[in-house]
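**Student:** Below is entry.pdb; it holds PDB, C-alpha atoms and all ligand atoms.
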MODEL        1
ATOM      1  CA  MET V 158      31.551 -19.251  23.336
ATOM      2  CA  ILE V 159      29.102 -17.007  25.177
ATOM      3  CA  GLU V 160      29.094 -17.331  28.990
ATOM      4  CA  LEU V 161      25.654 -18.521  29.961
ATOM      5  CA  ASP V 162      24.458 -19.900  33.279
ATOM      6  CA  PRO V 163      24.031 -23.653  32.640
ATOM      7  CA  ALA V 164      20.544 -23.413  34.160
ATOM      8  CA  LEU V 165      19.604 -20.942  31.410
ATOM      9  CA  ARG V 166      20.917 -22.986  28.488
ATOM     10  CA  ALA V 167      18.090 -25.490  28.412
ATOM     11  CA  PRO V 168      15.275 -22.886  28.394
ATOM     12  CA  VAL V 169      16.982 -21.067  25.527
ATOM     13  CA  LEU V 170      17.143 -24.262  23.502
ATOM     14  CA  ILE V 171      13.605 -25.294  24.422
ATOM     15  CA  GLU V 172      12.265 -21.898  23.370
ATOM     16  CA  ALA V 173      13.328 -22.830  19.851
ATOM     17  CA  LEU V 174      11.357 -26.087  19.819
ATOM     18  CA  PRO V 175       7.973 -24.779  18.569
ATOM     19  CA  TYR V 176       9.734 -22.869  15.806
ATOM     20  CA  ILE V 177      11.768 -25.896  14.792
ATOM     21  CA  GLN V 178       8.555 -27.924  14.695
ATOM     22  CA  ARG V 179       6.794 -25.242  12.662
ATOM     23  CA  PHE V 180       9.541 -24.862  10.070
ATOM     24  CA  ALA V 181      10.897 -28.416   9.781
ATOM     25  CA  GLY V 182      10.550 -29.538   6.163
ATOM     26  CA  HIS V 183      10.015 -25.938   4.996
ATOM     27  CA  THR V 184      12.304 -24.120   2.577
ATOM     28  CA  VAL V 185      13.863 -20.823   3.578
ATOM     29  CA  VAL V 186      15.631 -18.762   0.909
ATOM     30  CA  VAL V 187      18.339 -16.506   2.291
ATOM     31  CA  LYS V 188      19.710 -13.695   0.141
ATOM     32  CA  TYR V 189      23.159 -12.839   1.461
ATOM     33  CA  GLY V 190      24.276  -9.397   0.334
ATOM     34  CA  GLY V 191      27.783  -8.890  -0.963
ATOM     35  CA  ASN V 192      27.737  -5.827   1.245
ATOM     36  CA  VAL V 193      27.628  -7.870   4.451
ATOM     37  CA  LEU V 194      30.334 -10.163   3.189
ATOM     38  CA  GLY V 195      32.552  -7.153   2.548
ATOM     39  CA  ASP V 196      31.784  -5.460   5.864
ATOM     40  CA  GLU V 197      32.291  -8.289   8.326
ATOM     41  CA  ALA V 198      34.158 -11.515   7.725
ATOM     42  CA  ALA V 199      32.736 -12.729  11.064
ATOM     43  CA  SER V 200      29.219 -12.456   9.664
ATOM     44  CA  LEU V 201      29.982 -15.231   7.185
ATOM     45  CA  GLN V 202      31.028 -17.604   9.964
ATOM     46  CA  SER V 203      27.861 -16.727  11.900
ATOM     47  CA  LEU V 204      25.682 -17.229   8.802
ATOM     48  CA  ALA V 205      27.347 -20.575   8.065
ATOM     49  CA  GLU V 206      26.670 -21.778  11.624
ATOM     50  CA  ASP V 207      23.023 -20.719  11.386
ATOM     51  CA  LEU V 208      22.507 -22.432   8.027
ATOM     52  CA  VAL V 209      24.116 -25.678   9.138
ATOM     53  CA  LEU V 210      21.986 -25.694  12.286
ATOM     54  CA  LEU V 211      18.831 -25.109  10.213
ATOM     55  CA  SER V 212      19.774 -27.948   7.917
ATOM     56  CA  HIS V 213      20.377 -30.293  10.879
ATOM     57  CA  VAL V 214      16.907 -29.651  12.316
ATOM     58  CA  GLY V 215      15.255 -30.457   8.989
ATOM     59  CA  ILE V 216      14.753 -26.967   7.577
ATOM     60  CA  ARG V 217      15.801 -26.569   3.950
ATOM     61  CA  PRO V 218      17.970 -23.464   3.559
ATOM     62  CA  VAL V 219      18.910 -22.143   0.125
ATOM     63  CA  VAL V 220      21.426 -19.307  -0.225
ATOM     64  CA  VAL V 221      21.366 -16.763  -3.049
ATOM     65  CA  HIS V 222      24.151 -14.222  -2.915
ATOM     66  CA  GLY V 223      25.021 -10.873  -4.374
ATOM     67  CA  GLY V 224      28.479  -9.445  -4.765
ATOM     68  CA  GLY V 225      28.161  -5.703  -5.279
ATOM     69  CA  PRO V 226      31.363  -4.537  -3.544
ATOM     70  CA  GLN V 227      33.417  -7.527  -4.702
ATOM     71  CA  ILE V 228      32.418  -6.903  -8.337
ATOM     72  CA  ASP V 229      33.115  -3.164  -7.959
ATOM     73  CA  GLU V 230      36.560  -3.915  -6.558
ATOM     74  CA  LEU V 231      37.427  -6.258  -9.439
ATOM     75  CA  ALA V 232      36.050  -3.773 -11.989
ATOM     76  CA  ARG V 233      38.252  -1.021 -10.568
ATOM     77  CA  ARG V 234      41.316  -3.255 -10.691
ATOM     78  CA  LEU V 235      40.539  -4.234 -14.281
ATOM     79  CA  GLY V 236      39.662  -0.673 -15.315
ATOM     80  CA  VAL V 237      36.050  -1.472 -16.250
ATOM     81  CA  PRO V 238      33.702   1.498 -15.617
ATOM     82  CA  ILE V 239      30.978   1.094 -12.971
ATOM     83  CA  GLU V 240      27.465   2.471 -13.416
ATOM     84  CA  ARG V 241      24.194   1.786 -11.576
ATOM     85  CA  ARG V 242      20.610   2.811 -12.313
ATOM     86  CA  ASP V 243      17.901   2.381  -9.670
ATOM     87  CA  GLY V 244      20.174   0.017  -7.786
ATOM     88  CA  LEU V 245      20.816  -2.144 -10.867
ATOM     89  CA  ARG V 246      24.253  -2.551 -12.408
ATOM     90  CA  VAL V 247      24.674  -1.447 -16.031
ATOM     91  CA  THR V 248      26.327  -4.519 -17.565
ATOM     92  CA  ASP V 249      28.115  -4.356 -20.929
ATOM     93  CA  ALA V 250      30.094  -7.349 -22.259
ATOM     94  CA  ALA V 251      33.216  -6.409 -20.278
ATOM     95  CA  MET V 252      31.211  -5.913 -17.066
ATOM     96  CA  LEU V 253      29.463  -9.261 -17.566
ATOM     97  CA  GLU V 254      32.881 -10.921 -17.466
ATOM     98  CA  VAL V 255      33.705  -9.065 -14.270
ATOM     99  CA  VAL V 256      30.352 -10.112 -12.758
ATOM    100  CA  ARG V 257      31.110 -13.758 -13.543
ATOM    101  CA  LEU V 258      34.596 -13.466 -12.043
ATOM    102  CA  GLY V 259      33.307 -11.754  -8.921
ATOM    103  CA  LEU V 260      30.329 -14.023  -8.290
ATOM    104  CA  LEU V 261      31.628 -17.400  -9.478
ATOM    105  CA  GLY V 262      35.327 -16.836  -8.764
ATOM    106  CA  VAL V 263      35.262 -14.968  -5.467
ATOM    107  CA  VAL V 264      31.970 -14.761  -3.581
ATOM    108  CA  ASN V 265      30.384 -18.156  -4.287
ATOM    109  CA  PRO V 266      33.422 -20.266  -3.285
ATOM    110  CA  SER V 267      33.989 -18.187  -0.148
ATOM    111  CA  ILE V 268      30.456 -18.969   1.087
ATOM    112  CA  VAL V 269      30.745 -22.637   0.113
ATOM    113  CA  ARG V 270      34.103 -22.871   1.919
ATOM    114  CA  ALA V 271      32.694 -21.295   5.081
ATOM    115  CA  LEU V 272      29.726 -23.688   5.046
ATOM    116  CA  ASN V 273      31.908 -26.733   4.461
ATOM    117  CA  ARG V 274      34.253 -25.670   7.280
ATOM    118  CA  VAL V 275      31.488 -25.588   9.896
ATOM    119  CA  GLY V 276      29.225 -28.133   8.260
ATOM    120  CA  GLY V 277      30.767 -31.434   9.282
ATOM    121  CA  ARG V 278      28.792 -33.923   7.235
ATOM    122  CA  THR V 279      26.503 -31.174   5.975
ATOM    123  CA  ARG V 280      28.058 -30.250   2.657
ATOM    124  CA  SER V 281      27.463 -27.199   0.566
ATOM    125  CA  VAL V 282      27.233 -27.005  -3.224
ATOM    126  CA  GLY V 283      28.014 -23.880  -5.262
ATOM    127  CA  LEU V 284      25.821 -23.244  -8.311
ATOM    128  CA  SER V 285      24.671 -20.503 -10.612
ATOM    129  CA  GLY V 286      21.443 -20.142 -12.542
ATOM    130  CA  LEU V 287      23.173 -21.879 -15.459
ATOM    131  CA  ASP V 288      23.582 -25.178 -13.610
ATOM    132  CA  GLY V 289      20.927 -27.759 -14.358
ATOM    133  CA  GLY V 290      19.051 -25.166 -16.385
ATOM    134  CA  LEU V 291      18.037 -23.534 -13.099
ATOM    135  CA  ALA V 292      17.263 -19.999 -14.306
ATOM    136  CA  THR V 293      16.328 -18.525 -17.659
ATOM    137  CA  ALA V 294      16.028 -14.771 -18.163
ATOM    138  CA  ARG V 295      15.324 -12.128 -20.785
ATOM    139  CA  GLN V 296      17.030  -8.798 -21.182
ATOM    140  CA  LEU V 297      15.355  -6.239 -18.935
ATOM    141  CA  ASP V 298      16.159  -3.007 -20.725
ATOM    142  CA  ALA V 299      18.598  -2.368 -23.569
ATOM    143  CA  ALA V 300      20.005   0.621 -21.651
ATOM    144  CA  LEU V 301      21.154  -1.705 -18.853
ATOM    145  CA  GLY V 302      22.969  -4.079 -21.246
ATOM    146  CA  ARG V 303      23.256  -7.722 -20.156
ATOM    147  CA  VAL V 304      20.903  -7.376 -17.197
ATOM    148  CA  GLY V 305      18.118  -9.921 -17.092
ATOM    149  CA  GLU V 306      14.821 -10.613 -15.424
ATOM    150  CA  VAL V 307      14.055 -14.218 -14.623
ATOM    151  CA  THR V 308      11.409 -15.738 -16.889
ATOM    152  CA  ALA V 309      11.602 -19.356 -15.757
ATOM    153  CA  ILE V 310      13.024 -21.395 -12.900
ATOM    154  CA  ASP V 311      13.549 -25.148 -13.050
ATOM    155  CA  PRO V 312      14.316 -25.969  -9.410
ATOM    156  CA  THR V 313      15.219 -29.648 -10.072
ATOM    157  CA  VAL V 314      18.911 -29.164  -9.295
ATOM    158  CA  ILE V 315      18.145 -27.302  -6.053
ATOM    159  CA  THR V 316      15.672 -29.892  -4.805
ATOM    160  CA  ALA V 317      18.178 -32.652  -5.658
ATOM    161  CA  VAL V 318      20.802 -30.936  -3.500
ATOM    162  CA  LEU V 319      18.298 -30.339  -0.676
ATOM    163  CA  GLU V 320      17.129 -33.963  -0.772
ATOM    164  CA  ARG V 321      20.701 -34.984   0.097
ATOM    165  CA  ALA V 322      20.603 -32.542   3.054
ATOM    166  CA  MET V 323      23.217 -30.371   1.369
ATOM    167  CA  ILE V 324      23.030 -26.582   1.249
ATOM    168  CA  PRO V 325      22.857 -24.968  -2.206
ATOM    169  CA  VAL V 326      24.621 -21.617  -2.670
ATOM    170  CA  VAL V 327      23.481 -19.873  -5.829
ATOM    171  CA  ALA V 328      25.062 -17.030  -7.825
ATOM    172  CA  SER V 329      22.519 -14.922  -9.679
ATOM    173  CA  ILE V 330      23.599 -15.452 -13.282
ATOM    174  CA  ALA V 331      20.952 -16.801 -15.657
ATOM    175  CA  ALA V 332      20.872 -18.260 -19.162
ATOM    176  CA  GLY V 333      19.564 -15.624 -21.558
ATOM    177  CA  ASP V 334      16.791 -16.582 -23.953
ATOM    178  CA  ASP V 335      19.134 -15.210 -26.687
ATOM    179  CA  GLY V 336      21.812 -17.808 -25.941
ATOM    180  CA  GLY V 337      24.028 -15.499 -23.879
ATOM    181  CA  GLU V 338      24.283 -15.042 -20.132
ATOM    182  CA  LEU V 339      22.489 -12.403 -18.127
ATOM    183  CA  ASN V 340      23.341 -10.702 -14.852
ATOM    184  CA  VAL V 341      20.240 -10.852 -12.655
ATOM    185  CA  ASN V 342      19.971  -8.696  -9.550
ATOM    186  CA  ALA V 343      20.383 -11.168  -6.695
ATOM    187  CA  ASP V 344      17.310  -9.857  -4.826
ATOM    188  CA  HIS V 345      15.092 -10.581  -7.849
ATOM    189  CA  PHE V 346      16.772 -13.930  -8.399
ATOM    190  CA  ALA V 347      16.136 -14.909  -4.774
ATOM    191  CA  ALA V 348      12.467 -13.889  -5.071
ATOM    192  CA  ALA V 349      11.937 -15.940  -8.237
ATOM    193  CA  LEU V 350      13.686 -18.954  -6.717
ATOM    194  CA  ALA V 351      11.761 -18.665  -3.435
ATOM    195  CA  GLY V 352       8.509 -18.614  -5.416
ATOM    196  CA  ALA V 353       9.456 -21.623  -7.553
ATOM    197  CA  LEU V 354      10.565 -23.643  -4.508
ATOM    198  CA  GLY V 355       7.383 -22.844  -2.592
ATOM    199  CA  ALA V 356       9.556 -21.327   0.147
ATOM    200  CA  THR V 357       7.921 -20.321   3.407
ATOM    201  CA  LYS V 358      10.299 -17.427   3.989
ATOM    202  CA  LEU V 359      12.577 -15.167   2.009
ATOM    203  CA  VAL V 360      15.169 -13.417   4.166
ATOM    204  CA  PHE V 361      17.374 -10.606   2.884
ATOM    205  CA  LEU V 362      20.555 -10.220   4.917
ATOM    206  CA  SER V 363      22.036  -6.808   4.214
ATOM    207  CA  ASN V 364      24.300  -4.224   5.848
ATOM    208  CA  VAL V 365      21.514  -2.161   7.424
ATOM    209  CA  PRO V 366      19.310  -2.933  10.463
ATOM    210  CA  GLY V 367      16.350  -3.379   8.088
ATOM    211  CA  ILE V 368      14.238  -0.916   6.125
ATOM    212  CA  LEU V 369      14.847   2.522   7.612
ATOM    213  CA  ALA V 370      12.367   5.416   7.683
ATOM    214  CA  ASP V 371      15.412   7.690   7.397
ATOM    215  CA  PRO V 372      18.337   5.983   5.648
ATOM    216  CA  THR V 373      20.819   8.255   7.457
ATOM    217  CA  ARG V 374      19.576   7.103  10.896
ATOM    218  CA  GLY V 375      20.176   3.523  11.971
ATOM    219  CA  ASP V 376      17.641   3.960  14.797
ATOM    220  CA  SER V 377      14.728   4.619  12.400
ATOM    221  CA  LEU V 378      14.000   0.921  11.783
ATOM    222  CA  ILE V 379      10.538   0.023  10.475
ATOM    223  CA  SER V 380       9.715  -3.323  12.159
ATOM    224  CA  GLU V 381       6.664  -4.207  10.071
ATOM    225  CA  VAL V 382       5.469  -2.724   6.836
ATOM    226  CA  GLU V 383       2.895  -3.393   4.151
ATOM    227  CA  LEU V 384       3.759  -3.313   0.469
ATOM    228  CA  ALA V 385       1.449  -0.351  -0.086
ATOM    229  CA  GLU V 386       3.377   1.660   2.516
ATOM    230  CA  LEU V 387       6.643   0.712   0.812
ATOM    231  CA  ASP V 388       5.287   2.149  -2.435
ATOM    232  CA  GLU V 389       4.720   5.451  -0.638
ATOM    233  CA  LEU V 390       8.266   5.367   0.772
ATOM    234  CA  LEU V 391       9.604   4.647  -2.719
ATOM    235  CA  GLU V 392       7.712   7.608  -4.128
ATOM    236  CA  ALA V 393       8.901   9.849  -1.303
ATOM    237  CA  GLY V 394      12.494   8.867  -2.119
ATOM    238  CA  VAL V 395      13.047   7.342   1.349
ATOM    239  CA  LEU V 396      14.066   4.046  -0.234
ATOM    240  CA  GLY V 397      17.030   4.382  -2.539
ATOM    241  CA  GLY V 398      19.925   2.450  -4.057
ATOM    242  CA  GLY V 399      20.013  -1.245  -3.270
ATOM    243  CA  MET V 400      16.768  -1.076  -1.268
ATOM    244  CA  VAL V 401      14.753  -0.435  -4.470
ATOM    245  CA  PRO V 402      15.264  -3.904  -6.005
ATOM    246  CA  LYS V 403      14.671  -5.445  -2.564
ATOM    247  CA  VAL V 404      11.202  -3.872  -2.343
ATOM    248  CA  HIS V 405      10.265  -5.033  -5.837
ATOM    249  CA  ALA V 406      11.658  -8.488  -5.056
ATOM    250  CA  ALA V 407       9.603  -8.641  -1.846
ATOM    251  CA  ARG V 408       6.472  -7.876  -3.853
ATOM    252  CA  GLU V 409       7.374 -10.545  -6.399
ATOM    253  CA  ALA V 410       7.985 -13.171  -3.712
ATOM    254  CA  LEU V 411       4.732 -12.471  -1.850
ATOM    255  CA  ALA V 412       2.833 -12.567  -5.155
ATOM    256  CA  ARG V 413       4.388 -15.984  -5.859
ATOM    257  CA  GLY V 414       3.104 -17.380  -2.573
ATOM    258  CA  VAL V 415       6.067 -16.896  -0.232
ATOM    259  CA  CYS V 416       4.502 -16.377   3.223
ATOM    260  CA  GLU V 417       6.958 -13.953   4.812
ATOM    261  CA  VAL V 418       9.691 -11.613   3.620
ATOM    262  CA  HIS V 419      12.244 -10.137   6.025
ATOM    263  CA  VAL V 420      15.083  -7.647   5.703
ATOM    264  CA  LEU V 421      17.650  -8.271   8.454
ATOM    265  CA  ASP V 422      21.051  -6.990   9.497
ATOM    266  CA  GLY V 423      23.472  -9.659   8.306
ATOM    267  CA  ARG V 424      26.218  -8.054  10.419
ATOM    268  CA  ALA V 425      24.343  -8.879  13.638
ATOM    269  CA  PRO V 426      25.547 -12.239  14.971
ATOM    270  CA  HIS V 427      23.095 -15.050  14.206
ATOM    271  CA  ALA V 428      20.438 -12.686  12.867
ATOM    272  CA  LEU V 429      18.885 -15.555  10.896
ATOM    273  CA  LEU V 430      18.513 -17.876  13.906
ATOM    274  CA  VAL V 431      17.110 -15.104  16.063
ATOM    275  CA  GLU V 432      14.524 -14.307  13.395
ATOM    276  CA  LEU V 433      13.505 -17.910  12.830
ATOM    277  CA  PHE V 434      13.616 -19.303  16.359
ATOM    278  CA  SER V 435      12.288 -16.578  18.617
ATOM    279  CA  ASP V 436       9.488 -14.063  18.945
ATOM    280  CA  ALA V 437      12.038 -11.252  18.980
ATOM    281  CA  GLY V 438      11.138  -9.051  16.039
ATOM    282  CA  VAL V 439      14.448  -8.257  14.407
ATOM    283  CA  GLY V 440      14.801  -6.250  11.222
ATOM    284  CA  THR V 441      11.806  -5.508   8.989
ATOM    285  CA  MET V 442       8.968  -7.864   8.152
ATOM    286  CA  VAL V 443       7.183  -7.075   4.883
ATOM    287  CA  ARG V 444       3.524  -8.041   4.623
ATOM    288  CA  GLY V 445       1.391  -8.189   1.524
ATOM    289  CA  SER V 446      -1.201  -5.418   1.357
ATOM    290  CA  ARG V 447      -4.612  -6.398   2.594
TER     291      ARG V 447
HETATM  292  N1  LIG W 501      15.398   3.434   3.517
HETATM  293  C1  LIG W 501      16.455   2.620   3.483
HETATM  294  N2  LIG W 501      16.639   1.718   4.468
HETATM  295  C2  LIG W 501      17.715   0.886   4.458
HETATM  296  N3  LIG W 501      18.657   0.884   3.492
HETATM  297  C3  LIG W 501      18.540   1.756   2.490
HETATM  298  C4  LIG W 501      17.428   2.654   2.425
HETATM  299  N4  LIG W 501      17.562   3.401   1.309
HETATM  300  C5  LIG W 501      18.684   3.008   0.710
HETATM  301  N5  LIG W 501      19.296   2.006   1.393
HETATM  302  C6  LIG W 501      20.546   1.383   0.991
HETATM  303  O1  LIG W 501      20.355   0.046   0.576
HETATM  304  C7  LIG W 501      21.568  -0.660   0.838
HETATM  305  C8  LIG W 501      21.350  -2.166   0.763
HETATM  306  O2  LIG W 501      21.328  -2.589  -0.587
HETATM  307  P1  LIG W 501      22.666  -3.062  -1.332
HETATM  308  O3  LIG W 501      22.288  -3.459  -2.708
HETATM  309  O4  LIG W 501      23.723  -2.034  -1.181
HETATM  310  O5  LIG W 501      23.125  -4.324  -0.461
HETATM  311  P2  LIG W 501      22.803  -5.869  -0.653
HETATM  312  O6  LIG W 501      21.676  -6.054  -1.612
HETATM  313  O7  LIG W 501      22.644  -6.417   0.707
HETATM  314  O8  LIG W 501      24.156  -6.425  -1.275
HETATM  315  P3  LIG W 501      24.394  -6.910  -2.822
HETATM  316  O9  LIG W 501      23.773  -5.864  -3.691
HETATM  317  O10 LIG W 501      25.860  -7.005  -2.934
HETATM  318  O11 LIG W 501      23.731  -8.226  -2.940
HETATM  319  C9  LIG W 501      21.977  -0.159   2.197
HETATM  320  O12 LIG W 501      23.342  -0.311   2.438
HETATM  321  C10 LIG W 501      21.560   1.331   2.132
HETATM  322  O13 LIG W 501      22.665   2.128   1.773
HETATM  323 MG    MG W 502      21.791  -5.255  -3.659
ENDMDL
END
Written as structure tokens, that's how I'd like the structure from this file.

**Tutor:**
Amino acid sequence: MIELDPALRAPVLIEALPYIQRFAGHTVVVKYGGNVLGDEAASLQSLAEDLVLLSHVGIRPVVVHGGGPQIDELARRLGVPIERRDGLRVTDAAMLEVVRLGLLGVVNPSIVRALNRVGGRTRSVGLSGLDGGLATARQLDAALGRVGEVTAIDPTVITAVLERAMIPVVASIAAGDDGGELNVNADHFAAALAGALGATKLVFLSNVPGILADPTRGDSLISEVELAELDELLEAGVLGGGMVPKVHAAREALARGVCEVHVLDGRAPHALLVELFSDAGVGTMVRGSR
């Protein structure tokens, strides 16, 4: 518990009131990177507290998670080779099995457990894109193997969970239009889901302070950026690795009507609450190009 002068507690809570009023009833999709989960176990506790609080004040949080490091770790233990192209994982049949094990066997239940521990009566439900026919995808590129791009979202199962004031936690595996399963990059999955749910915000929680003008310098945070500027940074090679799918996903989400996209440091305690409930500009806010 943080030491805070009792006289200061009330103003801090009251400062949140206009934000709570603004966002009550709105859906917020939170993409939780496997990278944060690996870096800081404490970040999961902090995220769980934030999500449960949001749910209690009538905001509808939906979690989509990745699992990069956890899948890599399993692949190494099982002797399955790891390859990425433009931040996307090359996924042959053996890797698809590892992806399922990592996402559905390790990462998803650990988030659900954390939420249920702090949630009290607020329960959490673990799902993947297969459940309730949530996500359908087609193969993106034969060279990437079983990697898919989402072609359709049926959000019925998510809205059913939200209607019961429970928090859905979704692993980014989709049903392939060829009858198989497809590994969808979690950033893209989150963008498609945010669009289909009519979400107000899409928040990426990753292991960096936000989008950096120089990826080697943590103090080069870009607080606000337009999509057109991101294209220039992509071309200049400033955005690499896992930031590439995030930029494309941000574009996708804004095009599908999501109002705001943020990239925040998931390692910072309560980054999500600070972003939602105060004027403090944390991380990067991505705006559509005018
Ligand atoms: N300009 C940049 N600013 C910030 N991060 C960058 C930049 N260029 C490349 N990156 C890389 O992008 C990474 C974040 O993407 P990454 O895919 O690794 O994590 P994630 O998406 O949060 O987790 P997961 O893929 O497991 O869901 C950072 O750790 C950083 O190394
Ligand atoms: Mg990633």

**Student:** Report as a ChimeraX atom specification all protein, DNA and RNA residues lying within 10 Å of V:Lys403, evaluated on all atoms listed in the file, omitting residues in the same chain fewer than 6 positions from it.

**Tutor:** /V:244,342-345,347-348,361,368,396,409,420

**Student:** Export, as an mmCIF file, keeping the file's coordinate frame, the selected residues with C-alpha atoms.

**Tutor:**
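The resulting file, result.cif, is shown below:
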data_model
loop_
_atom_site.group_PDB
_atom_site.id
_atom_site.type_symbol
_atom_site.label_atom_id
_atom_site.label_comp_id
_atom_site.auth_asym_id
_atom_site.auth_seq_id
_atom_site.Cartn_x
_atom_site.Cartn_y
_atom_site.Cartn_z
ATOM 1 C CA GLY V 244 20.174 0.017 -7.786
ATOM 2 C CA ASN V 342 19.971 -8.696 -9.550
ATOM 3 C CA ALA V 343 20.383 -11.168 -6.695
ATOM 4 C CA ASP V 344 17.310 -9.857 -4.826
ATOM 5 C CA HIS V 345 15.092 -10.581 -7.849
ATOM 6 C CA ALA V 347 16.136 -14.909 -4.774
ATOM 7 C CA ALA V 348 12.467 -13.889 -5.071
ATOM 8 C CA PHE V 361 17.374 -10.606 2.884
ATOM 9 C CA ILE V 368 14.238 -0.916 6.125
ATOM 10 C CA LEU V 396 14.066 4.046 -0.234
ATOM 11 C CA GLU V 409 7.374 -10.545 -6.399
ATOM 12 C CA VAL V 420 15.083 -7.647 5.703
#

**Student:** Go ahead and compute the interatomic distance for atom CA of V:Gly414 and atom CA of V:Ala331, in Å to one decimal.

**Tutor:** 22.1 Å

**Student:** Hey, which bits of chain V sit within 9 Å of ligand MG 502 (chain W), and for each residue what's the closest pair of atoms and how far apart in Å (one decimal), counting only C-alpha atoms and all ligand atoms, rows by chain and increasing number, as a Markdown table?

**Tutor:**
| residue | atom | partner | partner_atom | distance |
| --- | --- | --- | --- | --- |
| V:Gly190 | CA | W:MG502 | MG | 6.3 |
| V:Gly191 | CA | W:MG502 | MG | 7.5 |
| V:Asn192 | CA | W:MG502 | MG | 7.7 |
| V:Gly223 | CA | W:MG502 | MG | 6.5 |
| V:Gly224 | CA | W:MG502 | MG | 8.0 |
| V:Gly225 | CA | W:MG502 | MG | 6.6 |
| V:Gly244 | CA | W:MG502 | MG | 6.9 |
| V:Leu245 | CA | W:MG502 | MG | 7.9 |
| V:Asn342 | CA | W:MG502 | MG | 7.1 |
| V:Ala343 | CA | W:MG502 | MG | 6.8 |
| V:Asp344 | CA | W:MG502 | MG | 6.5 |
| V:Ser363 | CA | W:MG502 | MG | 8.0 |
| V:Gly398 | CA | W:MG502 | MG | 7.9 |
| V:Gly399 | CA | W:MG502 | MG | 4.4 |
| V:Met400 | CA | W:MG502 | MG | 7.0 |
| V:Val401 | CA | W:MG502 | MG | 8.6 |
| V:Pro402 | CA | W:MG502 | MG | 7.1 |
| V:Lys403 | CA | W:MG502 | MG | 7.2 |

**Student:** Can I get the selected residues back with C-alpha atoms, as a compact mmCIF listing (two decimals), keeping the file's coordinate frame?

**Tutor:**
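Below is the file that was written, out.txt:
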# COMPACT_ATOMS: atom_id res chain seq x y z
CA GLY V 190 24.28 -9.40 0.33
CA GLY V 191 27.78 -8.89 -0.96
CA ASN V 192 27.74 -5.83 1.25
CA GLY V 223 25.02 -10.87 -4.37
CA GLY V 224 28.48 -9.44 -4.76
CA GLY V 225 28.16 -5.70 -5.28
CA GLY V 244 20.17 0.02 -7.79
CA LEU V 245 20.82 -2.14 -10.87
CA ASN V 342 19.97 -8.70 -9.55
CA ALA V 343 20.38 -11.17 -6.70
CA ASP V 344 17.31 -9.86 -4.83
CA SER V 363 22.04 -6.81 4.21
CA GLY V 398 19.92 2.45 -4.06
CA GLY V 399 20.01 -1.25 -3.27
CA MET V 400 16.77 -1.08 -1.27
CA VAL V 401 14.75 -0.44 -4.47
CA PRO V 402 15.26 -3.90 -6.00
CA LYS V 403 14.67 -5.44 -2.56

**Student:** Where does the PyMOL selection byres (((chain V and resi 300) around 12) and not hetatm) land in this file, that is, which residues does it pick, as a CSV table (one decimal) with C-alpha atoms, keeping the file's coordinate frame?

**Tutor:**
chain,number,residue,atom,x,y,z
V,240,GLU,CA,27.5,2.5,-13.4
V,241,ARG,CA,24.2,1.8,-11.6
V,242,ARG,CA,20.6,2.8,-12.3
V,245,LEU,CA,20.8,-2.1,-10.9
V,246,ARG,CA,24.3,-2.6,-12.4
V,247,VAL,CA,24.7,-1.4,-16.0
V,248,THR,CA,26.3,-4.5,-17.6
V,249,ASP,CA,28.1,-4.4,-20.9
V,296,GLN,CA,17.0,-8.8,-21.2
V,297,LEU,CA,15.4,-6.2,-18.9
V,298,ASP,CA,16.2,-3.0,-20.7
V,299,ALA,CA,18.6,-2.4,-23.6
V,301,LEU,CA,21.2,-1.7,-18.9
V,302,GLY,CA,23.0,-4.1,-21.2
V,303,ARG,CA,23.3,-7.7,-20.2
V,304,VAL,CA,20.9,-7.4,-17.2
V,305,GLY,CA,18.1,-9.9,-17.1

**Student:** Write out as number ranges by chain each polymer residue whose atoms come within 12 Å of V:Ala351, counting all atoms listed in the file; drop sequence neighbours fewer than 2 positions from it.

**Tutor:** V: 183-188, 217-221, 310-312, 315-316, 343-349, 353-361, 406-407, 409-418

**Student:** Using all atoms listed in the file, which of V:Asn364, V:Ser380, V:Ser446, V:Ser212 sits nearest ligand LIG 501 (chain W)?

**Tutor:**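 Under the stated criterion, the closest residue is V:Asn364.
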
**Student:** Rounded to one decimal in Å, what is the spacing between atom CA of V:Leu284 and atom CA of V:Val318?

**Tutor:**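 Taking atom CA of V:Leu284 and atom CA of V:Val318, their separation equals 10.4 Å.
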
**Student:** How far is it from atom CA of V:Gly367 to atom N3 of ligand LIG 501 (chain W), in Å with one decimal?

**Tutor:**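 The value is 6.7 Å.
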
**Student:** Stretch 273-289 of chain V, all listed atoms, 8 Å padding on each side: what axis-aligned box centre and edge lengths in Å to one decimal come out, as lines of an AutoDock Vina configuration file?

**Tutor:**
center_x = 27.6
center_y = -27.0
center_z = -2.8
size_x = 29.3
size_y = 29.8
size_z = 41.4

**Student:** Given the choices V:Ala309, V:Val193, V:Leu174, V:Val341, which gets closest to ligand LIG 501 (chain W) if the distance is worked out from all atoms listed in the file?

**Tutor:**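 That would be V:Val193, the residue with the smallest distance to ligand LIG 501 (chain W).
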
**Student:** Could you state which residues are captured by the PyMOL selection byres (((chain V and resi 228-238) around 7) and not hetatm) in this file, as a ChimeraX atom specification?

**Tutor:** /V:224-227,239-240,251-252,255-256,259

**Student:** Just checking: using all atoms listed in the file, which residue out of V:Val269, V:Leu208, V:Val395, V:Val439 ends up closest to ligand LIG 501 (chain W)?

**Tutor:**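 Checking each candidate against ligand LIG 501 (chain W), we get V:Val395 as the closest.
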